[in-house]
Amino acid sequence: MPNNKGTRNANGNGHMRKRSDGRWEAVCTVGIDAGTGKQIKRSFYGKSQNDVRIKMNAAINDIDDGVYVEPSKLTVGVWLDIWSTEYLGGVKPRTVENYASVCRNHIKPNLGAVKLSALSAPMIQSVYNRLQENKVIKDNKGNTKEIKGLSAKSVKNVNGVLHSSIQQAVKLGYIRVNPCNAVELPRVIKKEMQILNESAIATFLNAIDCHKWEYLFIVTLFIGARQAEVLGLEWSRVDFERGTIKWKYQLERGARDKIGLVTPKNDKSRLTTPAPFVMSALRKQKQRQAEWQLLAGQAWKKSDYVFTNEFGETLVHGTVSKTFKRIITSLGYPEVRFHDLRHSYATAALSSGDDVKTVQENLGHHDAGFTLNQYGHVTEKMKLESANRMENFIKGVKNIG
């Protein structure tokens, strides 16, 4: 039986008790009132004794580290600063930058001054609604300009950041519930993927013939890797003898154009066996790169990257996308994005008879179900073809009988 009268915390900094409503409460000293000299007590609540012990110990650790802020004085803006500094250690640098941008541009201007304890779902909902509205502003000359509101996807991203930060505050006992849970988010309408069919692929290959990034486009189209993975591919992970490529990192460009390699989305490497045509393209890329190095001389920036510019420098994601866009638009396909090369690969692979599991592994999806959902338009065709094959089989069996 638990001791309802309370138990002393092992380190002497607080105590716990079970309340009459069934919840557990932990109380510890969080500071000294400068005016009265008396101890400032702080209570933490949870469903179990272990829950409140974790919250209390976290507060004690913050006090020891000098980062504790009394919840009654904690604003959303201050908490976001603490959260981004202390609780994003395992998050990729680029993601941290994106979080910081969302906080700076959307959350702090609208909710930063609100007390964390006063934050409510209706308050957040009102901000999200306003973020979607178009605004008309005037410049210094009195000219009006309309600024479009955020898309449904962008609002969802804002909520993702706010929700994560507030959830950490809930874990620490700074706030009882996460008000983001009760917010209604706008419906995200998924953009229809644009697929290059056989005819379009043939036209595209003719257009990029002898282009300096010809082999980059070929590898992306016929392997289906993400742009960042292709730009971060290193020669050490291309095995010409076995005809394989190991996808272990992707190129990330962060603040102030700082470039570095990070692990893929699911943090898992994968081994693919491309078509011989792709491996041949990589051999040609290696030869072309060697020619560039000779021409550049001492200006060549040595690295192990497969795809570089004429001076050995890493390629910029946006520049590659814009160059592709100009080419594909000139061919009459203005809606096709660079990322659609990945979709075109998956569609071609499934249509040509590859099983879903193989395509899923080549794409680096976390499971085959996701691949099936992404490319349902292809699998429906595959089901019809399967039905026709079974029909032919049945007819053959009947004729034998």
# chains A, B, ... in the order shown; residues from 1 in each chain; ligands from 1
call {"tool": "residues_around", "arguments": {"residues": "Lys301 of chain A", "least_positions_apart": "2", "cutoff": "7 Å", "atoms": "only C-alpha atoms", "output": "list in words"}}
result
Ala299, Ser303, Phe311, Gly312 and Glu313 of chain A
call {"tool": "write_last_selection", "arguments": {"atoms": "C-alpha atoms", "output": "PDB file, in the first residue's frame"}}
result
ATOM      1  CA  ALA A 299      41.818  26.016 -58.329  1.00  0.00           C
ATOM      2  CA  SER A 303      36.653  16.272 -52.208  1.00  0.00           C
ATOM      3  CA  PHE A 311      36.037  23.491 -59.799  1.00  0.00           C
ATOM      4  CA  GLY A 312      35.190  20.564 -57.528  1.00  0.00           C
ATOM      5  CA  GLU A 313      32.829  22.556 -55.353  1.00  0.00           C
TER       6      GLU A 313
END
call {"tool": "residues_around", "arguments": {"residues": "Gln285 of chain A", "least_positions_apart": "2", "cutoff": "8 Å", "atoms": "only C-alpha atoms", "output": "number ranges by chain"}}
result
A: 215, 281-283, 287-289, 306-307
call {"tool": "residues_around", "arguments": {"residues": "Asp21 of chain A", "least_positions_apart": "4", "cutoff": "12 Å", "atoms": "only C-alpha atoms", "output": "PyMOL selection string"}}
result
chain A and resi 4+17+25+45-47
call {"tool": "closest_residue", "arguments": {"among": "A:Gly224, A:Ile400, A:Leu261, A:Leu384", "to": "Ala348 of chain A", "atoms": "only C-alpha atoms"}}
result
A:Gly224
call {"tool": "atom_distance", "arguments": {"atom1": "atom CA of Ala26 of chain A", "atom2": "atom CA of Gln49 of chain A"}}
result
8.4 Å
call {"tool": "residues_around", "arguments": {"residues": "segment 144-159 of chain A", "least_positions_apart": "3", "cutoff": "6 Å", "atoms": "only C-alpha atoms", "output": "list in words"}}
result
Leu131, Gln132, Glu133, Asn134, Lys135, Val136, Ile137, Lys138, Leu162, His163, Pro186 and Val188 of chain A
call {"tool": "select_by_dssp", "arguments": {"residues": "segment 107-202 of chain A", "states": "alpha helix (DSSP H)", "output": "PDB file with N, CA and C atoms, in the first residue's frame"}}
result
ATOM      1  N   LYS A 108       6.550  33.532 -32.025  1.00  0.00           N
ATOM      2  CA  LYS A 108       6.884  34.608 -31.078  1.00  0.00           C
ATOM      3  C   LYS A 108       6.139  35.915 -31.345  1.00  0.00           C
ATOM      4  N   PRO A 109       6.014  36.351 -32.612  1.00  0.00           N
ATOM      5  CA  PRO A 109       5.292  37.611 -32.846  1.00  0.00           C
ATOM      6  C   PRO A 109       3.833  37.562 -32.402  1.00  0.00           C
ATOM      7  N   ASN A 110       3.249  36.374 -32.380  1.00  0.00           N
ATOM      8  CA  ASN A 110       1.823  36.246 -32.061  1.00  0.00           C
ATOM      9  C   ASN A 110       1.545  35.736 -30.649  1.00  0.00           C
ATOM     10  N   LEU A 111       2.460  34.918 -30.109  1.00  0.00           N
ATOM     11  CA  LEU A 111       2.194  34.299 -28.820  1.00  0.00           C
ATOM     12  C   LEU A 111       3.344  34.461 -27.823  1.00  0.00           C
ATOM     13  N   ALA A 121      -6.171  26.758 -26.268  1.00  0.00           N
ATOM     14  CA  ALA A 121      -6.454  26.301 -27.628  1.00  0.00           C
ATOM     15  C   ALA A 121      -7.130  27.390 -28.466  1.00  0.00           C
ATOM     16  N   PRO A 122      -8.162  28.098 -27.948  1.00  0.00           N
ATOM     17  CA  PRO A 122      -8.782  29.165 -28.749  1.00  0.00           C
ATOM     18  C   PRO A 122      -7.797  30.256 -29.151  1.00  0.00           C
ATOM     19  N   MET A 123      -6.851  30.555 -28.256  1.00  0.00           N
ATOM     20  CA  MET A 123      -5.836  31.562 -28.536  1.00  0.00           C
ATOM     21  C   MET A 123      -4.954  31.114 -29.714  1.00  0.00           C
ATOM     22  N   ILE A 124      -4.545  29.865 -29.663  1.00  0.00           N
ATOM     23  CA  ILE A 124      -3.698  29.308 -30.726  1.00  0.00           C
ATOM     24  C   ILE A 124      -4.477  29.209 -32.025  1.00  0.00           C
ATOM     25  N   GLN A 125      -5.740  28.778 -31.916  1.00  0.00           N
ATOM     26  CA  GLN A 125      -6.585  28.640 -33.107  1.00  0.00           C
ATOM     27  C   GLN A 125      -6.730  29.975 -33.826  1.00  0.00           C
ATOM     28  N   SER A 126      -6.915  31.032 -33.069  1.00  0.00           N
ATOM     29  CA  SER A 126      -7.065  32.369 -33.649  1.00  0.00           C
ATOM     30  C   SER A 126      -5.807  32.774 -34.418  1.00  0.00           C
ATOM     31  N   VAL A 127      -4.640  32.449 -33.866  1.00  0.00           N
ATOM     32  CA  VAL A 127      -3.377  32.771 -34.541  1.00  0.00           C
ATOM     33  C   VAL A 127      -3.260  31.990 -35.847  1.00  0.00           C
ATOM     34  N   TYR A 128      -3.575  30.704 -35.803  1.00  0.00           N
ATOM     35  CA  TYR A 128      -3.483  29.877 -37.011  1.00  0.00           C
ATOM     36  C   TYR A 128      -4.427  30.378 -38.098  1.00  0.00           C
ATOM     37  N   ASN A 129      -5.606  30.801 -37.693  1.00  0.00           N
ATOM     38  CA  ASN A 129      -6.577  31.326 -38.666  1.00  0.00           C
ATOM     39  C   ASN A 129      -6.045  32.594 -39.331  1.00  0.00           C
ATOM     40  N   ARG A 130      -5.428  33.461 -38.532  1.00  0.00           N
ATOM     41  CA  ARG A 130      -4.889  34.710 -39.072  1.00  0.00           C
ATOM     42  C   ARG A 130      -3.689  34.472 -39.996  1.00  0.00           C
ATOM     43  N   LEU A 131      -2.900  33.472 -39.662  1.00  0.00           N
ATOM     44  CA  LEU A 131      -1.722  33.186 -40.480  1.00  0.00           C
ATOM     45  C   LEU A 131      -2.096  32.781 -41.900  1.00  0.00           C
ATOM     46  N   ALA A 152      -1.846  25.558 -45.905  1.00  0.00           N
ATOM     47  CA  ALA A 152      -2.282  24.621 -44.865  1.00  0.00           C
ATOM     48  C   ALA A 152      -1.092  23.809 -44.349  1.00  0.00           C
ATOM     49  N   LYS A 153      -0.203  23.426 -45.240  1.00  0.00           N
ATOM     50  CA  LYS A 153       0.974  22.642 -44.845  1.00  0.00           C
ATOM     51  C   LYS A 153       1.889  23.461 -43.943  1.00  0.00           C
ATOM     52  N   SER A 154       2.061  24.747 -44.266  1.00  0.00           N
ATOM     53  CA  SER A 154       2.922  25.602 -43.450  1.00  0.00           C
ATOM     54  C   SER A 154       2.339  25.807 -42.054  1.00  0.00           C
ATOM     55  N   VAL A 155       1.020  25.967 -41.981  1.00  0.00           N
ATOM     56  CA  VAL A 155       0.360  26.107 -40.673  1.00  0.00           C
ATOM     57  C   VAL A 155       0.546  24.830 -39.862  1.00  0.00           C
ATOM     58  N   LYS A 156       0.453  23.705 -40.543  1.00  0.00           N
ATOM     59  CA  LYS A 156       0.664  22.413 -39.874  1.00  0.00           C
ATOM     60  C   LYS A 156       2.086  22.327 -39.329  1.00  0.00           C
ATOM     61  N   ASN A 157       3.050  22.850 -40.074  1.00  0.00           N
ATOM     62  CA  ASN A 157       4.441  22.854 -39.616  1.00  0.00           C
ATOM     63  C   ASN A 157       4.621  23.753 -38.387  1.00  0.00           C
ATOM     64  N   VAL A 158       3.943  24.911 -38.397  1.00  0.00           N
ATOM     65  CA  VAL A 158       4.002  25.818 -37.252  1.00  0.00           C
ATOM     66  C   VAL A 158       3.458  25.104 -36.015  1.00  0.00           C
ATOM     67  N   ASN A 159       2.344  24.421 -36.188  1.00  0.00           N
ATOM     68  CA  ASN A 159       1.743  23.704 -35.068  1.00  0.00           C
ATOM     69  C   ASN A 159       2.654  22.586 -34.574  1.00  0.00           C
ATOM     70  N   GLY A 160       3.357  21.945 -35.513  1.00  0.00           N
ATOM     71  CA  GLY A 160       4.265  20.875 -35.122  1.00  0.00           C
ATOM     72  C   GLY A 160       5.358  21.366 -34.185  1.00  0.00           C
ATOM     73  N   VAL A 161       5.894  22.539 -34.483  1.00  0.00           N
ATOM     74  CA  VAL A 161       6.944  23.116 -33.642  1.00  0.00           C
ATOM     75  C   VAL A 161       6.380  23.519 -32.287  1.00  0.00           C
ATOM     76  N   LEU A 162       5.252  24.236 -32.303  1.00  0.00           N
ATOM     77  CA  LEU A 162       4.648  24.688 -31.043  1.00  0.00           C
ATOM     78  C   LEU A 162       4.231  23.497 -30.190  1.00  0.00           C
ATOM     79  N   HIS A 163       3.621  22.499 -30.818  1.00  0.00           N
ATOM     80  CA  HIS A 163       3.164  21.314 -30.093  1.00  0.00           C
ATOM     81  C   HIS A 163       4.330  20.607 -29.408  1.00  0.00           C
ATOM     82  N   SER A 164       5.437  20.435 -30.126  1.00  0.00           N
ATOM     83  CA  SER A 164       6.599  19.746 -29.556  1.00  0.00           C
ATOM     84  C   SER A 164       7.165  20.507 -28.365  1.00  0.00           C
ATOM     85  N   SER A 165       7.253  21.826 -28.498  1.00  0.00           N
ATOM     86  CA  SER A 165       7.811  22.623 -27.409  1.00  0.00           C
ATOM     87  C   SER A 165       6.905  22.595 -26.179  1.00  0.00           C
ATOM     88  N   ILE A 166       5.601  22.711 -26.388  1.00  0.00           N
ATOM     89  CA  ILE A 166       4.662  22.706 -25.262  1.00  0.00           C
ATOM     90  C   ILE A 166       4.596  21.326 -24.613  1.00  0.00           C
ATOM     91  N   GLN A 167       4.751  20.282 -25.414  1.00  0.00           N
ATOM     92  CA  GLN A 167       4.718  18.927 -24.862  1.00  0.00           C
ATOM     93  C   GLN A 167       5.870  18.713 -23.888  1.00  0.00           C
ATOM     94  N   GLN A 168       7.009  19.310 -24.200  1.00  0.00           N
ATOM     95  CA  GLN A 168       8.141  19.220 -23.274  1.00  0.00           C
ATOM     96  C   GLN A 168       7.827  19.959 -21.976  1.00  0.00           C
ATOM     97  N   ALA A 169       7.130  21.087 -22.084  1.00  0.00           N
ATOM     98  CA  ALA A 169       6.729  21.834 -20.893  1.00  0.00           C
ATOM     99  C   ALA A 169       5.755  21.026 -20.040  1.00  0.00           C
ATOM    100  N   VAL A 170       4.891  20.246 -20.703  1.00  0.00           N
ATOM    101  CA  VAL A 170       3.951  19.370 -19.981  1.00  0.00           C
ATOM    102  C   VAL A 170       4.732  18.307 -19.214  1.00  0.00           C
ATOM    103  N   LYS A 171       5.744  17.721 -19.854  1.00  0.00           N
ATOM    104  CA  LYS A 171       6.555  16.690 -19.204  1.00  0.00           C
ATOM    105  C   LYS A 171       7.247  17.220 -17.955  1.00  0.00           C
ATOM    106  N   GLU A 198       7.134   7.258 -70.586  1.00  0.00           N
ATOM    107  CA  GLU A 198       8.241   6.782 -71.422  1.00  0.00           C
ATOM    108  C   GLU A 198       8.628   7.800 -72.483  1.00  0.00           C
ATOM    109  N   SER A 199       7.637   8.385 -73.136  1.00  0.00           N
ATOM    110  CA  SER A 199       7.902   9.367 -74.189  1.00  0.00           C
ATOM    111  C   SER A 199       8.598  10.602 -73.619  1.00  0.00           C
ATOM    112  N   ALA A 200       8.118  11.073 -72.468  1.00  0.00           N
ATOM    113  CA  ALA A 200       8.702  12.261 -71.839  1.00  0.00           C
ATOM    114  C   ALA A 200      10.127  11.989 -71.365  1.00  0.00           C
ATOM    115  N   ILE A 201      10.368  10.782 -70.871  1.00  0.00           N
ATOM    116  CA  ILE A 201      11.713  10.420 -70.421  1.00  0.00           C
ATOM    117  C   ILE A 201      12.685  10.427 -71.595  1.00  0.00           C
ATOM    118  N   ALA A 202      12.236   9.870 -72.718  1.00  0.00           N
ATOM    119  CA  ALA A 202      13.083   9.844 -73.918  1.00  0.00           C
ATOM    120  C   ALA A 202      13.415  11.268 -74.380  1.00  0.00           C
TER     121      ALA A 202
END
call {"tool": "closest_residue", "arguments": {"among": "A:Trp292, A:Tyr87, A:Phe370, A:Phe324", "to": "His211 of chain A", "atoms": "only C-alpha atoms"}}
result
A:Phe324
call {"tool": "residues_around", "arguments": {"residues": "segment 88-94 of chain A", "least_positions_apart": "4", "cutoff": "9 Å", "atoms": "only C-alpha atoms", "output": "list in words"}}
result
Trp83, Ser84, Asn98, Tyr99, Glu252, Arg253, Gly254, Ala255, Val262 and Thr263 of chain A
call {"tool": "write_last_selection", "arguments": {"atoms": "N, CA and C atoms", "output": "PDB file, in the first residue's frame"}}
result
ATOM      1  N   TRP A  83      13.619  25.795 -24.639  1.00  0.00           N
ATOM      2  CA  TRP A  83      13.384  24.522 -25.336  1.00  0.00           C
ATOM      3  C   TRP A  83      14.372  24.327 -26.474  1.00  0.00           C
ATOM      4  N   SER A  84      14.551  25.352 -27.296  1.00  0.00           N
ATOM      5  CA  SER A  84      15.431  25.233 -28.458  1.00  0.00           C
ATOM      6  C   SER A  84      16.894  25.097 -28.052  1.00  0.00           C
ATOM      7  N   ASN A  98      15.195  25.330 -39.030  1.00  0.00           N
ATOM      8  CA  ASN A  98      13.801  25.478 -39.467  1.00  0.00           C
ATOM      9  C   ASN A  98      12.895  25.796 -38.284  1.00  0.00           C
ATOM     10  N   TYR A  99      13.121  25.124 -37.155  1.00  0.00           N
ATOM     11  CA  TYR A  99      12.349  25.387 -35.938  1.00  0.00           C
ATOM     12  C   TYR A  99      12.531  26.842 -35.504  1.00  0.00           C
ATOM     13  N   GLU A 252      23.515  18.615 -46.697  1.00  0.00           N
ATOM     14  CA  GLU A 252      22.649  19.606 -46.066  1.00  0.00           C
ATOM     15  C   GLU A 252      23.327  20.961 -46.077  1.00  0.00           C
ATOM     16  N   ARG A 253      22.596  21.967 -46.522  1.00  0.00           N
ATOM     17  CA  ARG A 253      23.123  23.330 -46.521  1.00  0.00           C
ATOM     18  C   ARG A 253      22.382  24.116 -45.456  1.00  0.00           C
ATOM     19  N   GLY A 254      23.118  24.568 -44.446  1.00  0.00           N
ATOM     20  CA  GLY A 254      22.501  25.245 -43.325  1.00  0.00           C
ATOM     21  C   GLY A 254      22.709  26.742 -43.353  1.00  0.00           C
ATOM     22  N   ALA A 255      22.692  27.339 -42.162  1.00  0.00           N
ATOM     23  CA  ALA A 255      22.837  28.790 -42.039  1.00  0.00           C
ATOM     24  C   ALA A 255      24.192  29.239 -42.574  1.00  0.00           C
ATOM     25  N   VAL A 262      24.618  14.749 -43.408  1.00  0.00           N
ATOM     26  CA  VAL A 262      23.803  14.255 -42.301  1.00  0.00           C
ATOM     27  C   VAL A 262      23.162  12.951 -42.738  1.00  0.00           C
ATOM     28  N   THR A 263      22.658  12.188 -41.780  1.00  0.00           N
ATOM     29  CA  THR A 263      22.002  10.933 -42.115  1.00  0.00           C
ATOM     30  C   THR A 263      20.644  11.203 -42.769  1.00  0.00           C
TER      31      THR A 263
END
call {"tool": "residues_around", "arguments": {"residues": "Pro274 of chain A", "least_positions_apart": "2", "cutoff": "9 Å", "atoms": "only C-alpha atoms", "output": "ChimeraX atom specification"}}
result
/A:219,222-223,243-245,272,276-279
call {"tool": "closest_residue", "arguments": {"among": "A:Ala100, A:Ala275, A:Asn140, A:Ser120", "to": "Val183 of chain A", "atoms": "only C-alpha atoms"}}
result
A:Ser120
call {"tool": "atom_distance", "arguments": {"atom1": "atom CA of Glu97 of chain A", "atom2": "atom CA of Lys191 of chain A"}}
result
25.2 Å
call {"tool": "select_by_dssp", "arguments": {"residues": "segment 126-298 of chain A", "states": "strand (DSSP E or B)", "output": "MDAnalysis selection string"}}
result
chainID A and resid 135:138 144:147 234 238:239 244:247 250:253 259:262 270:272
call {"tool": "atom_distance", "arguments": {"atom1": "atom CA of Glu214 of chain A", "atom2": "atom CA of Lys284 of chain A"}}
result
10.1 Å
call {"tool": "closest_residue", "arguments": {"among": "A:Gln227, A:Gln298, A:Asn143, A:Thr29", "to": "Pro264 of chain A", "atoms": "only C-alpha atoms"}}
result
A:Gln227
call {"tool": "decode", "arguments": {"residues": "segment 353-369 of chain A", "atoms": "N, CA and C atoms", "output": "mmCIF file, in the first residue's frame"}}
result
data_model
loop_
_atom_site.group_PDB
_atom_site.id
_atom_site.type_symbol
_atom_site.label_atom_id
_atom_site.label_comp_id
_atom_site.auth_asym_id
_atom_site.auth_seq_id
_atom_site.Cartn_x
_atom_site.Cartn_y
_atom_site.Cartn_z
ATOM 1 N N GLY A 353 7.351 -4.153 -63.341
ATOM 2 C CA GLY A 353 7.240 -5.454 -62.694
ATOM 3 C C GLY A 353 7.996 -5.611 -61.392
ATOM 4 N N ASP A 354 8.711 -4.567 -60.921
ATOM 5 C CA ASP A 354 9.398 -4.669 -59.631
ATOM 6 C C ASP A 354 8.371 -4.825 -58.515
ATOM 7 N N ASP A 355 8.691 -5.675 -57.538
ATOM 8 C CA ASP A 355 7.763 -5.822 -56.413
ATOM 9 C C ASP A 355 7.864 -4.606 -55.504
ATOM 10 N N VAL A 356 6.793 -4.363 -54.761
ATOM 11 C CA VAL A 356 6.692 -3.163 -53.931
ATOM 12 C C VAL A 356 7.797 -3.109 -52.879
ATOM 13 N N LYS A 357 8.170 -4.244 -52.308
ATOM 14 C CA LYS A 357 9.198 -4.279 -51.271
ATOM 15 C C LYS A 357 10.541 -3.800 -51.813
ATOM 16 N N THR A 358 10.877 -4.226 -53.027
ATOM 17 C CA THR A 358 12.136 -3.801 -53.635
ATOM 18 C C THR A 358 12.131 -2.302 -53.898
ATOM 19 N N VAL A 359 11.038 -1.793 -54.437
ATOM 20 C CA VAL A 359 10.932 -0.359 -54.717
ATOM 21 C C VAL A 359 10.995 0.439 -53.418
ATOM 22 N N GLN A 360 10.331 -0.059 -52.390
ATOM 23 C CA GLN A 360 10.347 0.616 -51.090
ATOM 24 C C GLN A 360 11.769 0.738 -50.554
ATOM 25 N N GLU A 361 12.534 -0.338 -50.641
ATOM 26 C CA GLU A 361 13.911 -0.322 -50.141
ATOM 27 C C GLU A 361 14.795 0.590 -50.984
ATOM 28 N N ASN A 362 14.589 0.597 -52.288
ATOM 29 C CA ASN A 362 15.380 1.469 -53.159
ATOM 30 C C ASN A 362 15.099 2.940 -52.884
ATOM 31 N N LEU A 363 13.849 3.255 -52.583
ATOM 32 C CA LEU A 363 13.463 4.640 -52.308
ATOM 33 C C LEU A 363 13.854 5.075 -50.898
ATOM 34 N N GLY A 364 14.029 4.102 -50.008
ATOM 35 C CA GLY A 364 14.357 4.449 -48.622
ATOM 36 C C GLY A 364 13.136 4.779 -47.796
ATOM 37 N N HIS A 365 11.943 4.292 -48.221
ATOM 38 C CA HIS A 365 10.731 4.485 -47.424
ATOM 39 C C HIS A 365 10.800 3.607 -46.176
ATOM 40 N N HIS A 366 10.120 4.032 -45.110
ATOM 41 C CA HIS A 366 10.185 3.282 -43.856
ATOM 42 C C HIS A 366 9.442 1.959 -43.916
ATOM 43 N N ASP A 367 8.406 1.854 -44.753
ATOM 44 C CA ASP A 367 7.732 0.565 -44.932
ATOM 45 C C ASP A 367 7.033 0.514 -46.279
ATOM 46 N N ALA A 368 6.680 -0.705 -46.696
ATOM 47 C CA ALA A 368 6.070 -0.912 -48.004
ATOM 48 C C ALA A 368 4.672 -0.314 -48.078
ATOM 49 N N GLY A 369 3.989 -0.233 -46.932
ATOM 50 C CA GLY A 369 2.651 0.349 -46.919
ATOM 51 C C GLY A 369 2.656 1.786 -47.377
#
